[in-house]
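Right, one structure below, let's go through it.
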Amino acid sequence: MALVGANGHGRWHRRVIGPLHETGRVRLVALVDTRPIECEPAAPVPTGVPVFTDHRAMLADVTPDVVVICTPPHTHLRIARDAVTAGADVLLEKPPLLSTAEHEELSGALATTGRVVQVGFQALGSAALSALTDAVSAGRVGAVNGIATVAAWQRPDAYYARAPWAGRRLLDGRPVLDGALANPLAHAVMQCLAVAEALGGRPVEPVSIEVERYRVRPIEVDDTAALRVRTRHGPPIVAAVTLAGEDFIAGEVIVTGAAGRAVLEYPTDRLLLPGEATARCLPTGPIHRHR
C-alpha cells in the first residue's frame, strides 16, 4: 500500500495504516507528498519506508497493490488514472472528481485496466446507517415522504488558510470547486443518498437539482448552502448546511414518514427511531474524520 498525500488530512490515513503495517496485515511501501513529511506522534513513518515527492516516481519504483489518494481535489484524476494504469486499486478521498467528464475518463480507465476505485465516504460503513436503512426498509417510519440533512459547523479563517486550494473555486486556472456541500459536509449528502437508494432499491436518479450557495467568509466558494434533489422514484432530498454556524449541529440525517421521524447524527453514530424515547449510539469505530 502507498499513500499519496501524507500530510494534512493524510495523517488520519497514516494513523490507520501504521498499526496495520506494524502487525503485518498490510505493508506500507511508500509515502508521497510534495512537502517534507510532517511529524505525527500517532503515525510515525515506519523504518525503511521510502518517501517520494512525485507519485509517478513512486509508481515506477515500488508498484503498490493499493494506492490511497489524499491530495487536493483538482489533482485526483491524474493521480488515480496513473495508479490504476500502473496496476493498483485506489482508495480516493472525496470529493473524488470535479466533473462528469472526469468521472467518465476515470471509469474508462477502470474498464480498460480492470482495477477498482473506492471513494472515501467512510461514513457509509457506519453501523448506525445500516440500522437506519434497515428500519426504513422494514417500514418503521411508514411511507417516507422526505429525506433531509442539516448541519451547522464552525470553520475559522485558519481552515481556509491551511492549503492553497481551500475555499477556492479555481487554482492556477484549474477547477478546484471546494465548498460546504462538495467537501466537508459531502458525507451528510452521501448518507441521504444511501437512505434513498435503500428505500428505492436502486440508485438515485435525479429529476431536478436546485442549489443555493452563499458565503460568510471572503472565499471563492460556499460556506453555507441549501440543496434540493427531486428524484424519479422516491421522496425529495434536502440539505441545509453551513460552516459558519453560531449554534453547533453535528450533522443530522432526518427521514420523515407517516409513522414518525428517524434521526441519525451521522458523525457520532447516534440514532433515534420512531417509538424510541432516546437516541442510541451504534459505534462502528474511529472512522469519522472530515477534511
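In the C-alpha cells, the first chain shown is A, the next is B, and so on; residue numbers restart at 1 for each chain, and ligands run from 1 in the order shown.
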Please return as JSON, numbers by chain: the residues of range 25-237 of chain A that backbone DSSP assigns to strand (DSSP E). {"A": [30, 31, 32, 51, 52, 66, 67, 68, 69, 89, 90, 91, 92, 117, 118, 119, 144, 145, 146, 147, 148, 149, 150, 151, 152, 153, 154, 170, 171, 174, 175, 206, 207, 208, 209, 210, 211, 212, 213, 214, 224, 225, 226, 227, 228, 229, 230, 231, 237]}
If we count only C-alpha atoms, what is near range 110-124 of chain A at a cut-off of 6 Å, once residues fewer than 6 positions away on the same chain are taken out, given as a PDB file with N, CA and C atoms, in the first residue's frame?
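part-v8.pdb written:
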```
ATOM      1  N   VAL A  84      -4.132   3.402 -11.435  1.00  0.00           N
ATOM      2  CA  VAL A  84      -4.799   2.218 -11.986  1.00  0.00           C
ATOM      3  C   VAL A  84      -4.067   1.724 -13.232  1.00  0.00           C
ATOM      4  N   ASP A  89      -5.193  -0.825  -7.278  1.00  0.00           N
ATOM      5  CA  ASP A  89      -6.526  -0.378  -6.896  1.00  0.00           C
ATOM      6  C   ASP A  89      -6.375   0.899  -6.077  1.00  0.00           C
ATOM      7  N   VAL A  90      -7.456   1.664  -5.942  1.00  0.00           N
ATOM      8  CA  VAL A  90      -7.346   3.007  -5.370  1.00  0.00           C
ATOM      9  C   VAL A  90      -8.432   3.248  -4.328  1.00  0.00           C
ATOM     10  N   LEU A  91      -8.028   3.854  -3.207  1.00  0.00           N
ATOM     11  CA  LEU A  91      -8.963   4.486  -2.279  1.00  0.00           C
ATOM     12  C   LEU A  91      -8.803   5.983  -2.497  1.00  0.00           C
ATOM     13  N   LEU A  92      -9.847   6.621  -2.991  1.00  0.00           N
ATOM     14  CA  LEU A  92      -9.791   8.014  -3.417  1.00  0.00           C
ATOM     15  C   LEU A  92     -10.614   8.873  -2.475  1.00  0.00           C
ATOM     16  N   GLU A  93      -9.954   9.847  -1.862  1.00  0.00           N
ATOM     17  CA  GLU A  93     -10.688  10.732  -0.951  1.00  0.00           C
ATOM     18  C   GLU A  93     -11.756  11.519  -1.701  1.00  0.00           C
ATOM     19  N   LYS A  94     -12.783  11.905  -0.978  1.00  0.00           N
ATOM     20  CA  LYS A  94     -13.817  12.759  -1.552  1.00  0.00           C
ATOM     21  C   LYS A  94     -13.394  14.211  -1.402  1.00  0.00           C
TER      22      LYS A  94
END
```
Could you name the residues that touch range 11-15 of chain A at 10 Å or less, counting only C-alpha atoms, but leaving out those on the same chain fewer than 2 positions away, as a VMD selection string? chain A and resid 3 5 to 9 17 to 21 28 31 37 to 45 68 to 70 287 289 to 291
Residues of the last selection are to be written out with N, CA, C and O atoms, as an mmCIF file, in the first residue's frame.
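result_36.cif was written with the following content:
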```cif
data_model
loop_
_atom_site.group_PDB
_atom_site.id
_atom_site.type_symbol
_atom_site.label_atom_id
_atom_site.label_comp_id
_atom_site.auth_asym_id
_atom_site.auth_seq_id
_atom_site.Cartn_x
_atom_site.Cartn_y
_atom_site.Cartn_z
ATOM 1 N N LEU A 3 0.615 5.680 0.160
ATOM 2 C CA LEU A 3 -0.228 6.816 0.484
ATOM 3 C C LEU A 3 0.301 8.043 -0.236
ATOM 4 O O LEU A 3 1.447 8.454 -0.018
ATOM 5 N N GLY A 5 -0.175 11.907 -0.583
ATOM 6 C CA GLY A 5 -0.765 12.970 0.219
ATOM 7 C C GLY A 5 -0.669 12.596 1.680
ATOM 8 O O GLY A 5 -1.688 12.346 2.334
ATOM 9 N N ALA A 6 0.545 12.557 2.206
ATOM 10 C CA ALA A 6 0.779 12.015 3.546
ATOM 11 C C ALA A 6 0.689 13.063 4.645
ATOM 12 O O ALA A 6 0.705 12.714 5.822
ATOM 13 N N ASN A 7 0.602 14.334 4.267
ATOM 14 C CA ASN A 7 0.466 15.400 5.259
ATOM 15 C C ASN A 7 -0.997 15.811 5.382
ATOM 16 O O ASN A 7 -1.867 15.276 4.701
ATOM 17 N N GLY A 8 -1.267 16.789 6.237
ATOM 18 C CA GLY A 8 -2.630 17.281 6.376
ATOM 19 C C GLY A 8 -3.601 16.165 6.739
ATOM 20 O O GLY A 8 -3.379 15.391 7.666
ATOM 21 N N HIS A 9 -4.680 16.086 5.973
ATOM 22 C CA HIS A 9 -5.675 15.055 6.236
ATOM 23 C C HIS A 9 -5.100 13.653 6.064
ATOM 24 O O HIS A 9 -5.603 12.689 6.650
ATOM 25 N N ILE A 17 -3.060 3.165 8.771
ATOM 26 C CA ILE A 17 -2.151 2.269 8.047
ATOM 27 C C ILE A 17 -0.989 1.828 8.928
ATOM 28 O O ILE A 17 -0.556 0.667 8.860
ATOM 29 N N GLY A 18 -0.465 2.744 9.771
ATOM 30 C CA GLY A 18 0.710 2.427 10.587
ATOM 31 C C GLY A 18 0.560 1.165 11.425
ATOM 32 O O GLY A 18 1.390 0.245 11.331
ATOM 33 N N PRO A 19 -0.491 1.062 12.261
ATOM 34 C CA PRO A 19 -0.652 -0.161 13.053
ATOM 35 C C PRO A 19 -0.867 -1.409 12.202
ATOM 36 O O PRO A 19 -0.423 -2.498 12.568
ATOM 37 N N LEU A 20 -1.555 -1.274 11.063
ATOM 38 C CA LEU A 20 -1.731 -2.422 10.169
ATOM 39 C C LEU A 20 -0.392 -2.875 9.611
ATOM 40 O O LEU A 20 -0.135 -4.080 9.457
ATOM 41 N N HIS A 21 0.479 -1.923 9.330
ATOM 42 C CA HIS A 21 1.822 -2.248 8.849
ATOM 43 C C HIS A 21 2.621 -2.956 9.945
ATOM 44 O O HIS A 21 3.299 -3.962 9.684
ATOM 45 N N LEU A 28 3.158 -1.112 4.128
ATOM 46 C CA LEU A 28 3.284 0.249 3.609
ATOM 47 C C LEU A 28 4.592 0.333 2.838
ATOM 48 O O LEU A 28 5.677 0.147 3.412
ATOM 49 N N LEU A 31 5.369 6.573 1.030
ATOM 50 C CA LEU A 31 4.620 7.788 1.292
ATOM 51 C C LEU A 31 5.008 8.808 0.229
ATOM 52 O O LEU A 31 6.168 8.872 -0.180
ATOM 53 N N ILE A 37 7.563 15.301 5.100
ATOM 54 C CA ILE A 37 6.546 14.613 5.896
ATOM 55 C C ILE A 37 6.478 15.218 7.295
ATOM 56 O O ILE A 37 7.481 15.320 7.999
ATOM 57 N N GLU A 38 5.263 15.631 7.670
ATOM 58 C CA GLU A 38 5.051 16.237 8.971
ATOM 59 C C GLU A 38 5.131 15.182 10.072
ATOM 60 O O GLU A 38 4.717 14.036 9.896
ATOM 61 N N CYS A 39 5.653 15.597 11.211
ATOM 62 C CA CYS A 39 5.708 14.700 12.361
ATOM 63 C C CYS A 39 4.299 14.402 12.843
ATOM 64 O O CYS A 39 3.464 15.298 12.972
ATOM 65 N N GLU A 40 4.034 13.139 13.098
ATOM 66 C CA GLU A 40 2.732 12.708 13.610
ATOM 67 C C GLU A 40 2.984 11.627 14.656
ATOM 68 O O GLU A 40 3.225 10.465 14.300
ATOM 69 N N PRO A 41 2.958 11.994 15.960
ATOM 70 C CA PRO A 41 3.288 11.012 17.002
ATOM 71 C C PRO A 41 2.465 9.739 16.918
ATOM 72 O O PRO A 41 2.964 8.655 17.247
ATOM 73 N N ALA A 42 1.202 9.854 16.488
ATOM 74 C CA ALA A 42 0.343 8.669 16.409
ATOM 75 C C ALA A 42 0.580 7.869 15.141
ATOM 76 O O ALA A 42 0.018 6.787 14.983
ATOM 77 N N ALA A 43 1.424 8.387 14.254
ATOM 78 C CA ALA A 43 1.666 7.686 12.987
ATOM 79 C C ALA A 43 3.073 7.988 12.487
ATOM 80 O O ALA A 43 3.258 8.634 11.453
ATOM 81 N N PRO A 44 4.094 7.525 13.209
ATOM 82 C CA PRO A 44 5.460 7.743 12.728
ATOM 83 C C PRO A 44 5.708 6.978 11.436
ATOM 84 O O PRO A 44 5.066 5.964 11.162
ATOM 85 N N VAL A 45 6.630 7.467 10.641
ATOM 86 C CA VAL A 45 6.978 6.781 9.393
ATOM 87 C C VAL A 45 7.744 5.506 9.742
ATOM 88 O O VAL A 45 8.790 5.570 10.392
ATOM 89 N N VAL A 68 -3.675 4.892 -1.761
ATOM 90 C CA VAL A 68 -4.605 5.798 -1.102
ATOM 91 C C VAL A 68 -4.258 7.210 -1.555
ATOM 92 O O VAL A 68 -3.100 7.637 -1.425
ATOM 93 N N ILE A 69 -5.247 7.928 -2.084
ATOM 94 C CA ILE A 69 -5.017 9.273 -2.612
ATOM 95 C C ILE A 69 -5.732 10.279 -1.732
ATOM 96 O O ILE A 69 -6.957 10.292 -1.642
ATOM 97 N N CYS A 70 -4.956 11.112 -1.060
ATOM 98 C CA CYS A 70 -5.490 12.132 -0.159
ATOM 99 C C CYS A 70 -4.813 13.456 -0.492
ATOM 100 O O CYS A 70 -4.082 14.019 0.312
ATOM 101 N N ILE A 287 -13.856 6.059 12.641
ATOM 102 C CA ILE A 287 -13.728 6.203 11.187
ATOM 103 C C ILE A 287 -14.160 7.566 10.690
ATOM 104 O O ILE A 287 -13.875 7.938 9.564
ATOM 105 N N ARG A 289 -13.836 11.046 10.037
ATOM 106 C CA ARG A 289 -12.902 12.156 10.001
ATOM 107 C C ARG A 289 -13.267 13.024 8.806
ATOM 108 O O ARG A 289 -13.560 12.523 7.733
ATOM 109 N N HIS A 290 -13.231 14.317 9.000
ATOM 110 C CA HIS A 290 -13.762 15.218 7.974
ATOM 111 C C HIS A 290 -12.688 16.187 7.528
ATOM 112 O O HIS A 290 -12.071 16.864 8.339
ATOM 113 N N ARG A 291 -12.496 16.239 6.221
ATOM 114 C CA ARG A 291 -11.490 17.121 5.667
ATOM 115 C C ARG A 291 -12.070 18.504 5.490
ATOM 116 O O ARG A 291 -13.169 18.651 5.011
#
```
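Nearest to Glu212 in chain A of all the residues A:Val189, A:Leu181, A:His233, A:Val4 is A:Leu181, counting only C-alpha atoms.
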Show which residues sit within 7 Å of Ala188 in chain A, as a list of chain:residue names. Count only C-alpha atoms, and ignore same-chain residues fewer than 2 positions away. A:Thr149, A:Leu185, A:Ala186, A:Met190, A:Gln191, A:Cys192, A:Gly251, A:Val253
May I have the residues from that selection written out with all heavy atoms, as a PDB file, in the first residue's frame?
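Once everything was written out, this is out.pdb:
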```pdb
ATOM      1  N   THR A 149     -30.942  16.531   5.466  1.00  0.00           N
ATOM      2  CA  THR A 149     -29.834  16.653   6.404  1.00  0.00           C
ATOM      3  C   THR A 149     -29.650  18.119   6.759  1.00  0.00           C
ATOM      4  O   THR A 149     -29.881  19.010   5.942  1.00  0.00           O
ATOM      5  CB  THR A 149     -28.515  16.090   5.823  1.00  0.00           C
ATOM      6  OG1 THR A 149     -27.502  16.148   6.840  1.00  0.00           O
ATOM      7  CG2 THR A 149     -28.037  16.882   4.625  1.00  0.00           C
ATOM      8  N   LEU A 185     -19.071  18.578   4.203  1.00  0.00           N
ATOM      9  CA  LEU A 185     -20.393  18.030   4.507  1.00  0.00           C
ATOM     10  C   LEU A 185     -20.931  17.138   3.399  1.00  0.00           C
ATOM     11  O   LEU A 185     -22.117  16.824   3.360  1.00  0.00           O
ATOM     12  CB  LEU A 185     -21.357  19.172   4.832  1.00  0.00           C
ATOM     13  CG  LEU A 185     -21.044  19.801   6.200  1.00  0.00           C
ATOM     14  CD1 LEU A 185     -21.645  21.174   6.337  1.00  0.00           C
ATOM     15  CD2 LEU A 185     -21.503  18.887   7.328  1.00  0.00           C
ATOM     16  N   ALA A 186     -20.041  16.701   2.517  1.00  0.00           N
ATOM     17  CA  ALA A 186     -20.442  15.741   1.491  1.00  0.00           C
ATOM     18  C   ALA A 186     -20.878  14.425   2.108  1.00  0.00           C
ATOM     19  O   ALA A 186     -21.698  13.701   1.542  1.00  0.00           O
ATOM     20  CB  ALA A 186     -19.292  15.506   0.517  1.00  0.00           C
ATOM     21  N   MET A 190     -24.146  12.282   1.165  1.00  0.00           N
ATOM     22  CA  MET A 190     -23.998  10.883   0.766  1.00  0.00           C
ATOM     23  C   MET A 190     -24.859   9.962   1.619  1.00  0.00           C
ATOM     24  O   MET A 190     -25.439   8.989   1.118  1.00  0.00           O
ATOM     25  CB  MET A 190     -22.528  10.472   0.877  1.00  0.00           C
ATOM     26  CG  MET A 190     -22.199   9.165   0.193  1.00  0.00           C
ATOM     27  SD  MET A 190     -22.377   9.308  -1.595  1.00  0.00           S
ATOM     28  CE  MET A 190     -22.921   7.664  -2.021  1.00  0.00           C
ATOM     29  N   GLN A 191     -24.983  10.256   2.922  1.00  0.00           N
ATOM     30  CA  GLN A 191     -25.855   9.462   3.782  1.00  0.00           C
ATOM     31  C   GLN A 191     -27.299   9.532   3.301  1.00  0.00           C
ATOM     32  O   GLN A 191     -28.012   8.523   3.282  1.00  0.00           O
ATOM     33  CB  GLN A 191     -25.771   9.960   5.227  1.00  0.00           C
ATOM     34  CG  GLN A 191     -24.409   9.871   5.868  1.00  0.00           C
ATOM     35  CD  GLN A 191     -24.015   8.459   6.245  1.00  0.00           C
ATOM     36  OE1 GLN A 191     -23.788   7.632   5.389  1.00  0.00           O
ATOM     37  NE2 GLN A 191     -23.922   8.194   7.525  1.00  0.00           N
ATOM     38  N   CYS A 192     -27.739  10.733   2.915  1.00  0.00           N
ATOM     39  CA  CYS A 192     -29.110  10.878   2.408  1.00  0.00           C
ATOM     40  C   CYS A 192     -29.307  10.049   1.149  1.00  0.00           C
ATOM     41  O   CYS A 192     -30.341   9.380   0.976  1.00  0.00           O
ATOM     42  CB  CYS A 192     -29.411  12.346   2.120  1.00  0.00           C
ATOM     43  SG  CYS A 192     -29.586  13.380   3.582  1.00  0.00           S
ATOM     44  N   GLY A 251     -24.649  17.212  12.579  1.00  0.00           N
ATOM     45  CA  GLY A 251     -24.965  16.676  11.260  1.00  0.00           C
ATOM     46  C   GLY A 251     -26.032  15.611  11.392  1.00  0.00           C
ATOM     47  O   GLY A 251     -25.736  14.473  11.765  1.00  0.00           O
ATOM     48  N   VAL A 253     -29.157  13.368   9.777  1.00  0.00           N
ATOM     49  CA  VAL A 253     -29.864  12.834   8.616  1.00  0.00           C
ATOM     50  C   VAL A 253     -31.262  12.477   9.095  1.00  0.00           C
ATOM     51  O   VAL A 253     -31.425  11.647  10.000  1.00  0.00           O
ATOM     52  CB  VAL A 253     -29.140  11.611   8.039  1.00  0.00           C
ATOM     53  CG1 VAL A 253     -29.957  10.987   6.907  1.00  0.00           C
ATOM     54  CG2 VAL A 253     -27.754  12.004   7.540  1.00  0.00           C
TER      55      VAL A 253
END
```
Tell me, as an mmCIF file with N, CA, C and O atoms, in the first residue's frame, which residues lie within 8 Å of Val263 in chain A, counting only C-alpha atoms; anything in the same chain fewer than 5 positions away does not count.
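That gives us around.cif:
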```cif
data_model
loop_
_atom_site.group_PDB
_atom_site.id
_atom_site.type_symbol
_atom_site.label_atom_id
_atom_site.label_comp_id
_atom_site.auth_asym_id
_atom_site.auth_seq_id
_atom_site.Cartn_x
_atom_site.Cartn_y
_atom_site.Cartn_z
ATOM 1 N N GLU A 252 -27.264 15.981 11.130
ATOM 2 C CA GLU A 252 -28.391 15.072 11.296
ATOM 3 C C GLU A 252 -28.947 14.663 9.941
ATOM 4 O O GLU A 252 -29.175 15.506 9.072
ATOM 5 N N VAL A 253 -29.157 13.368 9.777
ATOM 6 C CA VAL A 253 -29.864 12.834 8.616
ATOM 7 C C VAL A 253 -31.262 12.477 9.095
ATOM 8 O O VAL A 253 -31.425 11.647 10.000
ATOM 9 N N ILE A 254 -32.258 13.121 8.517
ATOM 10 C CA ILE A 254 -33.630 13.028 9.013
ATOM 11 C C ILE A 254 -34.501 12.358 7.957
ATOM 12 O O ILE A 254 -34.573 12.815 6.814
ATOM 13 N N VAL A 255 -35.167 11.273 8.334
ATOM 14 C CA VAL A 255 -36.082 10.565 7.446
ATOM 15 C C VAL A 255 -37.486 10.709 8.024
ATOM 16 O O VAL A 255 -37.756 10.253 9.145
ATOM 17 N N LEU A 271 -28.545 7.267 16.837
ATOM 18 C CA LEU A 271 -29.738 7.014 16.030
ATOM 19 C C LEU A 271 -30.982 7.018 16.905
ATOM 20 O O LEU A 271 -31.023 6.355 17.940
ATOM 21 N N LEU A 272 -31.992 7.766 16.456
ATOM 22 C CA LEU A 272 -33.293 7.794 17.122
ATOM 23 C C LEU A 272 -34.342 7.359 16.117
ATOM 24 O O LEU A 272 -34.485 7.954 15.047
ATOM 25 N N LEU A 273 -35.095 6.304 16.467
ATOM 26 C CA LEU A 273 -36.141 5.782 15.592
ATOM 27 C C LEU A 273 -37.512 6.065 16.191
ATOM 28 O O LEU A 273 -37.641 6.254 17.418
#
```
Residue contacts of Val211 in chain A (9 Å, only C-alpha atoms) excluding same-chain residues fewer than 4 positions away, as number ranges by chain: A: 225-229
Would you export the selected residues with N, CA, C and O atoms as a PDB file, in the first residue's frame, please?
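That gives us selection.pdb:
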```pdb
ATOM      1  N   ALA A 225     -24.981  26.563   2.369  1.00  0.00           N
ATOM      2  CA  ALA A 225     -25.646  26.144   1.134  1.00  0.00           C
ATOM      3  C   ALA A 225     -26.908  25.342   1.437  1.00  0.00           C
ATOM      4  O   ALA A 225     -27.056  24.753   2.514  1.00  0.00           O
ATOM      5  N   ALA A 226     -27.804  25.346   0.465  1.00  0.00           N
ATOM      6  CA  ALA A 226     -29.020  24.527   0.505  1.00  0.00           C
ATOM      7  C   ALA A 226     -29.125  23.766  -0.809  1.00  0.00           C
ATOM      8  O   ALA A 226     -28.823  24.305  -1.880  1.00  0.00           O
ATOM      9  N   LEU A 227     -29.534  22.522  -0.715  1.00  0.00           N
ATOM     10  CA  LEU A 227     -29.645  21.639  -1.875  1.00  0.00           C
ATOM     11  C   LEU A 227     -30.992  20.932  -1.835  1.00  0.00           C
ATOM     12  O   LEU A 227     -31.416  20.451  -0.781  1.00  0.00           O
ATOM     13  N   ARG A 228     -31.673  20.886  -2.978  1.00  0.00           N
ATOM     14  CA  ARG A 228     -32.908  20.104  -3.077  1.00  0.00           C
ATOM     15  C   ARG A 228     -32.810  19.218  -4.309  1.00  0.00           C
ATOM     16  O   ARG A 228     -32.577  19.706  -5.419  1.00  0.00           O
ATOM     17  N   VAL A 229     -32.955  17.919  -4.107  1.00  0.00           N
ATOM     18  CA  VAL A 229     -32.915  16.953  -5.198  1.00  0.00           C
ATOM     19  C   VAL A 229     -34.277  16.275  -5.286  1.00  0.00           C
ATOM     20  O   VAL A 229     -34.725  15.650  -4.312  1.00  0.00           O
TER      21      VAL A 229
END
```
Val62 in chain A environment, 10 Å, only C-alpha atoms, sequence neighbours closer than 2 positions dropped, as a PyMOL selection string: chain A and resi 1-2+29-30+50+57-60+64-65
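Computed from the coordinates, the CA of Asp134 in chain A to CA of Gly201 in chain A distance equals 11.9 Å.
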